[in-house]
$ cat query_5.txt   # compact mmCIF, N, CA and C atoms
# COMPACT_ATOMS: atom_id res chain seq x y z
N MET Y 218 3.61 111.29 16.56
CA MET Y 218 2.34 111.80 16.99
C MET Y 218 2.04 111.12 18.33
N PHE Y 219 1.63 111.92 19.33
CA PHE Y 219 1.36 111.32 20.63
C PHE Y 219 0.02 111.77 21.18
N GLY Y 220 -0.52 110.94 22.02
CA GLY Y 220 -1.79 111.16 22.71
C GLY Y 220 -1.83 110.17 23.86
N ASP Y 221 -2.86 109.29 23.88
CA ASP Y 221 -2.89 108.20 24.85
C ASP Y 221 -1.76 107.21 24.56
N SER Y 222 -1.45 107.07 23.29
CA SER Y 222 -0.34 106.23 22.84
C SER Y 222 0.54 107.09 21.95
N TRP Y 223 1.43 106.44 21.22
CA TRP Y 223 2.34 107.22 20.36
C TRP Y 223 2.71 106.37 19.17
N LYS Y 224 2.96 107.01 18.04
CA LYS Y 224 3.39 106.29 16.86
C LYS Y 224 4.25 107.19 16.00
N ILE Y 225 5.13 106.55 15.26
CA ILE Y 225 6.00 107.28 14.33
C ILE Y 225 5.21 107.51 13.04
N ILE Y 226 5.20 108.74 12.59
CA ILE Y 226 4.55 109.12 11.34
C ILE Y 226 5.64 109.64 10.41
N ASN Y 227 5.84 109.00 9.30
CA ASN Y 227 6.83 109.48 8.33
C ASN Y 227 6.21 110.59 7.50
N VAL Y 228 6.90 111.70 7.43
CA VAL Y 228 6.43 112.84 6.65
C VAL Y 228 7.51 113.20 5.64
N PRO Y 229 7.11 113.80 4.52
CA PRO Y 229 8.10 114.20 3.53
C PRO Y 229 9.06 115.25 4.11
N SER Y 230 10.29 115.23 3.64
CA SER Y 230 11.26 116.20 4.14
C SER Y 230 11.00 117.59 3.58
N GLN Y 231 10.26 117.68 2.52
CA GLN Y 231 9.92 118.98 1.93
C GLN Y 231 8.49 119.34 2.31
N GLY Y 232 8.28 120.55 2.76
CA GLY Y 232 6.93 121.05 3.02
C GLY Y 232 6.23 120.36 4.17
N VAL Y 233 6.99 119.99 5.22
CA VAL Y 233 6.39 119.29 6.35
C VAL Y 233 5.25 120.10 6.95
N LEU Y 234 5.44 121.39 7.13
CA LEU Y 234 4.40 122.21 7.75
C LEU Y 234 3.20 122.40 6.84
N ALA Y 235 3.38 122.18 5.55
CA ALA Y 235 2.25 122.28 4.62
C ALA Y 235 1.32 121.08 4.77
N ASN Y 236 1.74 120.08 5.52
CA ASN Y 236 0.95 118.87 5.70
C ASN Y 236 0.07 118.90 6.94
N VAL Y 237 -0.19 120.08 7.47
CA VAL Y 237 -1.00 120.20 8.67
C VAL Y 237 -2.37 119.56 8.47
N ASP Y 238 -2.98 119.77 7.30
CA ASP Y 238 -4.29 119.17 7.04
C ASP Y 238 -4.24 117.65 7.11
N ALA Y 239 -3.14 117.06 6.66
CA ALA Y 239 -3.00 115.60 6.73
C ALA Y 239 -2.99 115.14 8.19
N PHE Y 240 -2.36 115.91 9.06
CA PHE Y 240 -2.36 115.56 10.48
C PHE Y 240 -3.76 115.72 11.07
N TYR Y 241 -4.47 116.76 10.66
CA TYR Y 241 -5.85 116.93 11.15
C TYR Y 241 -6.71 115.74 10.78
N ARG Y 242 -6.51 115.19 9.58
CA ARG Y 242 -7.29 114.03 9.16
C ARG Y 242 -6.98 112.79 10.00
N ARG Y 243 -5.82 112.80 10.64
CA ARG Y 243 -5.41 111.65 11.47
C ARG Y 243 -5.82 111.84 12.93
N GLU Y 244 -6.57 112.88 13.19
CA GLU Y 244 -6.98 113.19 14.56
C GLU Y 244 -7.59 111.96 15.24
N GLY Y 245 -7.17 111.72 16.45
CA GLY Y 245 -7.72 110.62 17.23
C GLY Y 245 -7.00 109.29 17.07
N GLU Y 246 -6.10 109.18 16.11
CA GLU Y 246 -5.40 107.92 15.88
C GLU Y 246 -4.63 107.42 17.09
N VAL Y 247 -4.09 108.33 17.87
CA VAL Y 247 -3.33 107.94 19.05
C VAL Y 247 -4.02 108.38 20.33
N GLY Y 248 -5.27 108.77 20.22
CA GLY Y 248 -6.02 109.23 21.39
C GLY Y 248 -5.86 110.73 21.58
N TYR Y 249 -6.35 111.19 22.69
CA TYR Y 249 -6.42 112.64 22.91
C TYR Y 249 -5.67 113.14 24.12
N SER Y 250 -4.95 112.29 24.81
CA SER Y 250 -4.16 112.75 25.94
C SER Y 250 -2.89 113.42 25.43
N THR Y 251 -2.13 113.95 26.35
CA THR Y 251 -0.89 114.62 25.97
C THR Y 251 0.30 113.94 26.64
N ASN Y 252 0.42 112.65 26.39
CA ASN Y 252 1.49 111.85 26.99
C ASN Y 252 2.77 111.96 26.16
N GLY Y 253 3.33 113.16 26.11
CA GLY Y 253 4.54 113.40 25.33
C GLY Y 253 5.74 112.64 25.82
N TYR Y 254 5.72 112.23 27.08
CA TYR Y 254 6.84 111.47 27.62
C TYR Y 254 7.01 110.14 26.87
N LEU Y 255 5.94 109.64 26.22
CA LEU Y 255 6.01 108.37 25.50
C LEU Y 255 7.04 108.42 24.37
N VAL Y 256 7.21 109.57 23.76
CA VAL Y 256 8.20 109.74 22.70
C VAL Y 256 9.59 109.48 23.27
N LEU Y 257 9.88 110.10 24.40
CA LEU Y 257 11.19 109.93 25.04
C LEU Y 257 11.37 108.51 25.55
N GLU Y 258 10.31 107.94 26.13
CA GLU Y 258 10.39 106.56 26.62
C GLU Y 258 10.72 105.59 25.50
N ASP Y 259 10.12 105.79 24.33
CA ASP Y 259 10.39 104.93 23.19
C ASP Y 259 11.84 105.03 22.76
N LEU Y 260 12.35 106.24 22.67
CA LEU Y 260 13.77 106.43 22.31
C LEU Y 260 14.67 105.76 23.35
N LEU Y 261 14.32 105.92 24.60
CA LEU Y 261 15.09 105.33 25.69
C LEU Y 261 15.07 103.80 25.59
N ASN Y 262 13.90 103.23 25.40
CA ASN Y 262 13.78 101.77 25.31
C ASN Y 262 14.54 101.19 24.12
N ARG Y 263 14.57 101.94 23.01
CA ARG Y 263 15.30 101.48 21.82
C ARG Y 263 16.77 101.90 21.85
N LYS Y 264 17.15 102.66 22.89
CA LYS Y 264 18.51 103.19 23.03
C LYS Y 264 18.95 103.96 21.79
N GLU Y 265 17.99 104.69 21.24
CA GLU Y 265 18.26 105.48 20.04
C GLU Y 265 18.69 106.88 20.45
N ARG Y 266 19.84 107.29 19.95
CA ARG Y 266 20.38 108.62 20.27
C ARG Y 266 19.97 109.61 19.19
N ILE Y 267 19.30 110.65 19.60
CA ILE Y 267 18.84 111.71 18.70
C ILE Y 267 19.46 113.01 19.20
N ASP Y 268 20.06 113.78 18.30
CA ASP Y 268 20.70 115.02 18.77
C ASP Y 268 19.69 116.11 19.09
N LYS Y 269 18.63 116.22 18.29
CA LYS Y 269 17.60 117.24 18.54
C LYS Y 269 16.24 116.58 18.55
N ILE Y 270 15.54 116.71 19.65
CA ILE Y 270 14.19 116.19 19.76
C ILE Y 270 13.27 117.41 19.82
N MET Y 271 12.36 117.49 18.87
CA MET Y 271 11.45 118.63 18.79
C MET Y 271 10.03 118.14 19.02
N ILE Y 272 9.39 118.73 20.03
CA ILE Y 272 8.01 118.37 20.35
C ILE Y 272 7.15 119.62 20.15
N PHE Y 273 6.21 119.50 19.23
CA PHE Y 273 5.27 120.59 18.95
C PHE Y 273 4.02 120.30 19.76
N THR Y 274 3.70 121.17 20.70
CA THR Y 274 2.67 120.88 21.68
C THR Y 274 2.07 122.15 22.25
N ASP Y 275 1.06 121.99 23.08
CA ASP Y 275 0.54 123.13 23.83
C ASP Y 275 1.21 123.19 25.20
N CYS Y 276 2.22 122.34 25.40
CA CYS Y 276 3.00 122.22 26.65
C CYS Y 276 2.16 121.74 27.83
N GLN Y 277 0.99 121.23 27.55
CA GLN Y 277 0.18 120.57 28.58
C GLN Y 277 0.53 119.09 28.54
N LEU Y 278 1.77 118.76 28.84
CA LEU Y 278 2.26 117.39 28.70
C LEU Y 278 1.91 116.57 29.94
N TRP Y 279 0.63 116.35 30.11
CA TRP Y 279 0.15 115.55 31.24
C TRP Y 279 0.40 114.09 30.97
N ASN Y 280 0.37 113.32 32.02
CA ASN Y 280 0.50 111.87 31.91
C ASN Y 280 -0.81 111.27 32.40
N SER Y 281 -1.56 110.68 31.53
CA SER Y 281 -2.86 110.12 31.92
C SER Y 281 -2.76 108.66 32.36
N ARG Y 282 -1.57 108.09 32.36
CA ARG Y 282 -1.41 106.66 32.67
C ARG Y 282 -0.92 106.39 34.08
N ASN Y 283 0.08 107.10 34.53
CA ASN Y 283 0.70 106.84 35.83
C ASN Y 283 1.39 108.11 36.30
N ASP Y 284 2.29 107.99 37.23
CA ASP Y 284 2.94 109.18 37.78
C ASP Y 284 4.23 109.57 37.07
N THR Y 285 4.53 108.95 35.93
CA THR Y 285 5.76 109.26 35.20
C THR Y 285 5.73 110.72 34.77
N LYS Y 286 6.80 111.41 35.04
CA LYS Y 286 6.94 112.81 34.64
C LYS Y 286 7.94 112.89 33.50
N ILE Y 287 7.69 113.80 32.57
CA ILE Y 287 8.57 113.94 31.41
C ILE Y 287 9.99 114.29 31.86
N THR Y 288 10.13 115.03 32.96
CA THR Y 288 11.47 115.38 33.44
C THR Y 288 12.25 114.13 33.83
N ALA Y 289 11.60 113.18 34.50
CA ALA Y 289 12.29 111.95 34.90
C ALA Y 289 12.72 111.14 33.69
N VAL Y 290 11.87 111.07 32.68
CA VAL Y 290 12.21 110.31 31.47
C VAL Y 290 13.35 111.02 30.73
N TRP Y 291 13.29 112.35 30.67
CA TRP Y 291 14.35 113.11 30.01
C TRP Y 291 15.69 112.86 30.72
N ASN Y 292 15.68 112.89 32.04
CA ASN Y 292 16.92 112.64 32.79
C ASN Y 292 17.48 111.25 32.50
N LYS Y 293 16.62 110.24 32.42
CA LYS Y 293 17.07 108.87 32.08
C LYS Y 293 17.61 108.82 30.66
N TYR Y 294 16.92 109.51 29.74
CA TYR Y 294 17.37 109.51 28.35
C TYR Y 294 18.75 110.15 28.22
N LYS Y 295 18.99 111.19 28.99
CA LYS Y 295 20.28 111.89 28.93
C LYS Y 295 21.43 110.97 29.38
N GLU Y 296 21.13 109.93 30.14
CA GLU Y 296 22.17 108.98 30.54
C GLU Y 296 22.71 108.21 29.34
N ILE Y 297 21.85 107.93 28.34
CA ILE Y 297 22.33 107.22 27.15
C ILE Y 297 22.68 108.16 26.01
N SER Y 298 22.17 109.38 26.07
CA SER Y 298 22.42 110.34 25.00
C SER Y 298 22.69 111.72 25.61
N PRO Y 299 23.84 111.89 26.24
CA PRO Y 299 24.12 113.11 27.00
C PRO Y 299 24.17 114.40 26.18
N ASP Y 300 24.39 114.30 24.88
CA ASP Y 300 24.48 115.51 24.07
C ASP Y 300 23.14 115.92 23.44
N SER Y 301 22.09 115.18 23.71
CA SER Y 301 20.78 115.49 23.13
C SER Y 301 20.22 116.79 23.70
N ARG Y 302 19.43 117.44 22.87
CA ARG Y 302 18.73 118.66 23.27
C ARG Y 302 17.26 118.48 22.98
N LEU Y 303 16.44 119.03 23.86
CA LEU Y 303 14.99 118.94 23.72
C LEU Y 303 14.43 120.33 23.44
N TYR Y 304 13.70 120.45 22.34
CA TYR Y 304 13.08 121.70 21.95
C TYR Y 304 11.57 121.53 22.05
N LEU Y 305 10.95 122.29 22.93
CA LEU Y 305 9.50 122.27 23.09
C LEU Y 305 8.93 123.50 22.41
N PHE Y 306 8.11 123.28 21.39
CA PHE Y 306 7.47 124.38 20.69
C PHE Y 306 6.08 124.55 21.26
N ASP Y 307 5.88 125.63 22.01
CA ASP Y 307 4.60 125.91 22.64
C ASP Y 307 3.71 126.61 21.61
N LEU Y 308 2.77 125.87 21.07
CA LEU Y 308 1.92 126.40 20.00
C LEU Y 308 0.62 127.02 20.49
N SER Y 309 0.34 126.93 21.79
CA SER Y 309 -0.92 127.48 22.30
C SER Y 309 -0.75 128.56 23.34
N GLY Y 310 0.36 128.61 24.00
CA GLY Y 310 0.63 129.69 24.94
C GLY Y 310 -0.21 129.66 26.21
N TYR Y 311 -0.35 128.47 26.83
CA TYR Y 311 -1.05 128.40 28.12
C TYR Y 311 -0.18 128.89 29.26
N GLY Y 312 1.11 129.07 29.00
CA GLY Y 312 2.02 129.55 30.03
C GLY Y 312 2.58 128.47 30.92
N THR Y 313 2.39 127.21 30.57
CA THR Y 313 2.92 126.12 31.38
C THR Y 313 4.29 125.70 30.84
N THR Y 314 5.10 125.18 31.73
CA THR Y 314 6.42 124.68 31.36
C THR Y 314 6.55 123.28 31.94
N PRO Y 315 6.54 122.24 31.09
CA PRO Y 315 6.56 120.88 31.61
C PRO Y 315 7.93 120.40 32.11
N LEU Y 316 8.98 121.13 31.79
CA LEU Y 316 10.33 120.78 32.23
C LEU Y 316 11.01 122.03 32.74
N ASP Y 317 12.02 121.84 33.56
CA ASP Y 317 12.84 122.96 34.01
C ASP Y 317 13.65 123.44 32.81
N ILE Y 318 13.35 124.63 32.35
CA ILE Y 318 14.05 125.13 31.17
C ILE Y 318 15.30 125.92 31.53
N VAL Y 319 15.65 125.94 32.83
CA VAL Y 319 16.89 126.57 33.25
C VAL Y 319 17.98 125.50 33.20
N ARG Y 320 18.12 124.93 32.04
CA ARG Y 320 19.11 123.89 31.76
C ARG Y 320 19.73 124.24 30.43
N ASP Y 321 20.83 123.60 30.11
CA ASP Y 321 21.45 123.88 28.81
C ASP Y 321 21.05 122.85 27.76
N ASP Y 322 20.04 122.03 28.05
CA ASP Y 322 19.63 121.01 27.10
C ASP Y 322 18.13 121.01 26.80
N VAL Y 323 17.39 121.95 27.38
CA VAL Y 323 15.95 122.05 27.15
C VAL Y 323 15.64 123.49 26.77
N PHE Y 324 14.91 123.64 25.65
CA PHE Y 324 14.57 124.98 25.16
C PHE Y 324 13.07 125.07 24.94
N LEU Y 325 12.46 126.11 25.46
CA LEU Y 325 11.05 126.36 25.26
C LEU Y 325 10.92 127.49 24.26
N ILE Y 326 10.23 127.21 23.16
CA ILE Y 326 10.07 128.19 22.10
C ILE Y 326 8.58 128.42 21.92
N ALA Y 327 8.16 129.66 22.12
CA ALA Y 327 6.74 129.98 22.01
C ALA Y 327 6.42 130.42 20.59
N GLY Y 328 5.39 129.83 20.03
CA GLY Y 328 4.95 130.20 18.70
C GLY Y 328 5.74 129.50 17.61
N TRP Y 329 5.55 129.97 16.41
CA TRP Y 329 6.21 129.34 15.27
C TRP Y 329 6.52 130.36 14.20
N SER Y 330 7.68 130.23 13.60
CA SER Y 330 8.11 130.99 12.44
C SER Y 330 9.20 130.17 11.76
N ASP Y 331 9.34 130.31 10.45
CA ASP Y 331 10.42 129.60 9.77
C ASP Y 331 11.79 130.11 10.22
N LYS Y 332 11.83 131.27 10.84
CA LYS Y 332 13.09 131.83 11.36
C LYS Y 332 13.58 131.06 12.58
N VAL Y 333 12.73 130.22 13.17
CA VAL Y 333 13.12 129.43 14.33
C VAL Y 333 14.36 128.60 14.01
N PHE Y 334 14.45 128.09 12.78
CA PHE Y 334 15.60 127.25 12.44
C PHE Y 334 16.89 128.05 12.44
N ASP Y 335 16.84 129.34 12.10
CA ASP Y 335 18.02 130.19 12.20
C ASP Y 335 18.45 130.33 13.66
N ILE Y 336 17.48 130.47 14.54
CA ILE Y 336 17.76 130.61 15.97
C ILE Y 336 18.34 129.32 16.52
N LEU Y 337 17.76 128.18 16.12
CA LEU Y 337 18.29 126.89 16.58
C LEU Y 337 19.73 126.69 16.10
N SER Y 338 20.00 127.09 14.89
CA SER Y 338 21.35 126.97 14.36
C SER Y 338 22.32 127.82 15.18
N ALA Y 339 21.91 129.04 15.53
CA ALA Y 339 22.76 129.92 16.34
C ALA Y 339 23.02 129.31 17.71
N ILE Y 340 21.97 128.73 18.32
CA ILE Y 340 22.14 128.09 19.63
C ILE Y 340 23.14 126.94 19.53
N ASP Y 341 23.00 126.13 18.47
CA ASP Y 341 23.90 124.99 18.29
C ASP Y 341 25.35 125.41 18.13
N LYS Y 342 25.56 126.59 17.59
CA LYS Y 342 26.92 127.09 17.39
C LYS Y 342 27.42 127.87 18.59
N GLY Y 343 26.66 127.82 19.70
CA GLY Y 343 27.08 128.51 20.92
C GLY Y 343 26.65 129.95 20.98
N GLY Y 344 25.80 130.36 20.05
CA GLY Y 344 25.34 131.74 20.03
C GLY Y 344 24.22 131.99 21.03
N ASP Y 345 23.82 133.22 21.08
CA ASP Y 345 22.77 133.64 21.99
C ASP Y 345 21.47 133.80 21.20
N ALA Y 346 20.41 133.14 21.65
CA ALA Y 346 19.14 133.18 20.94
C ALA Y 346 18.61 134.60 20.82
N LEU Y 347 18.71 135.38 21.89
CA LEU Y 347 18.18 136.75 21.86
C LEU Y 347 18.92 137.61 20.84
N SER Y 348 20.23 137.45 20.74
CA SER Y 348 21.01 138.20 19.74
C SER Y 348 20.57 137.81 18.34
N GLU Y 349 20.34 136.53 18.13
CA GLU Y 349 19.89 136.06 16.82
C GLU Y 349 18.51 136.61 16.49
N ILE Y 350 17.62 136.62 17.46
CA ILE Y 350 16.27 137.16 17.25
C ILE Y 350 16.35 138.63 16.88
N ASN Y 351 17.18 139.37 17.61
CA ASN Y 351 17.31 140.81 17.33
C ASN Y 351 17.93 141.10 15.98
N SER Y 352 18.68 140.14 15.42
CA SER Y 352 19.32 140.36 14.13
C SER Y 352 18.39 140.05 12.95
N ILE Y 353 17.25 139.47 13.21
CA ILE Y 353 16.32 139.12 12.13
C ILE Y 353 15.71 140.39 11.57
N GLU Y 354 15.88 140.53 10.27
CA GLU Y 354 15.32 141.69 9.59
C GLU Y 354 13.89 141.39 9.20
N LEU Y 355 13.00 142.23 9.69
CA LEU Y 355 11.59 142.04 9.38
C LEU Y 355 11.30 142.62 8.01
N GLY Y 356 10.64 141.84 7.21
CA GLY Y 356 10.29 142.31 5.87
C GLY Y 356 9.12 143.27 5.90
N THR Y 357 8.98 144.00 4.85
CA THR Y 357 7.85 144.90 4.70
C THR Y 357 6.65 144.09 4.22
N PRO Y 358 5.52 144.25 4.89
CA PRO Y 358 4.35 143.50 4.44
C PRO Y 358 3.98 143.90 3.01
N PRO Y 359 3.46 142.97 2.24
CA PRO Y 359 3.10 143.31 0.86
C PRO Y 359 2.02 144.37 0.83
N ALA Y 360 2.10 145.18 -0.21
CA ALA Y 360 1.11 146.24 -0.39
C ALA Y 360 -0.26 145.61 -0.66
N CYS Y 361 -1.26 146.29 -0.19
CA CYS Y 361 -2.62 145.79 -0.39
C CYS Y 361 -3.33 146.78 -1.31
N ASN Y 362 -3.68 146.32 -2.48
CA ASN Y 362 -4.39 147.17 -3.43
C ASN Y 362 -5.86 146.80 -3.41
N LEU Y 363 -6.67 147.77 -3.11
CA LEU Y 363 -8.11 147.54 -3.06
C LEU Y 363 -8.79 148.33 -4.17
N ALA Y 364 -9.77 147.73 -4.75
CA ALA Y 364 -10.56 148.44 -5.77
C ALA Y 364 -12.02 148.34 -5.36
N PHE Y 365 -12.69 149.46 -5.40
CA PHE Y 365 -14.10 149.49 -5.04
C PHE Y 365 -14.90 149.91 -6.24
N SER Y 366 -16.03 149.34 -6.40
CA SER Y 366 -16.93 149.79 -7.46
C SER Y 366 -18.33 149.90 -6.89
N GLN Y 367 -19.11 150.79 -7.50
CA GLN Y 367 -20.48 150.96 -7.05
C GLN Y 367 -21.42 150.61 -8.16
$ encode --input "query_5.txt" --output "C-alpha cells"
Amino acid sequence: MFGDSWKIINVPSQGVLANVDAFYRREGEVGYSTNGYLVLEDLLNRKERIDKIMIFTDCQLWNSRNDTKITAVWNKYKEISPDSRLYLFDLSGYGTTPLDIVRDDVFLIAGWSDKVFDILSAIDKGGDALSEINSIELGTPPACNLAFSQ
C-alpha cells in the first residue's frame, strides 16, 4: 500500500479482491499521495528480484517528496532484475501514463476483470494480448425475473 509512505500488507492468497473493504478501513495509513515509486525503491534497496510487479492505481503516480520519477527508479531496478515486468492497472481512467509503455517490460492495463490473469499468462508465454482478449468468450448475462404485484 502506498501514499506519502509505503508498507507491505499481507493479504490472504484466496479472495484478495474480496478484501477491498478491509483496504478501505485502512485508508490514510500511509498518507494520501501517490508515491508509487516507493514500492520500486524499496525492492531496489533490498535487492529483491520480483518477476511481476503489479501496481493497482489511478496512474496518477506523482512524487510529492522530490524530483524522483518512477521511470528512473524502474530503470535502476531493471539493472538488478532485468527480467522483471511492471503491470500498471489503471483503475480510474484519467488517461495518464506514468511510464513509457512502448517497452517490453511495462504494461498498462485499463480496468479490471478476472480474465486479466489469462491475458497476463498469454503475454508471459510470448502471446499477443489482443489475440487473447479477442478469444475470450463472453458469457450470457443471467436472466432477470421480475414479479409485480398491485
$ atom_distance --input "query_5.txt" --atom1 "atom C of Y:Trp329" --atom2 "atom CA of Y:Arg266"
26.5 Å
$ atom_distance --input "query_5.txt" --atom1 "atom CA of Y:Ser301" --atom2 "atom CA of Y:Asp268"
4.4 Å
$ atom_distance --input "query_5.txt" --atom1 "atom C of Y:Gly253" --atom2 "atom C of Y:Gly343"
27.6 Å
$ residues_around --input "query_5.txt" --residues "Y:Gly245" --least-positions-apart "5" --cutoff "8 Å" --atoms "all atoms listed in the file" --output "JSON, numbers by chain"
{"Y": [220, 221, 240]}
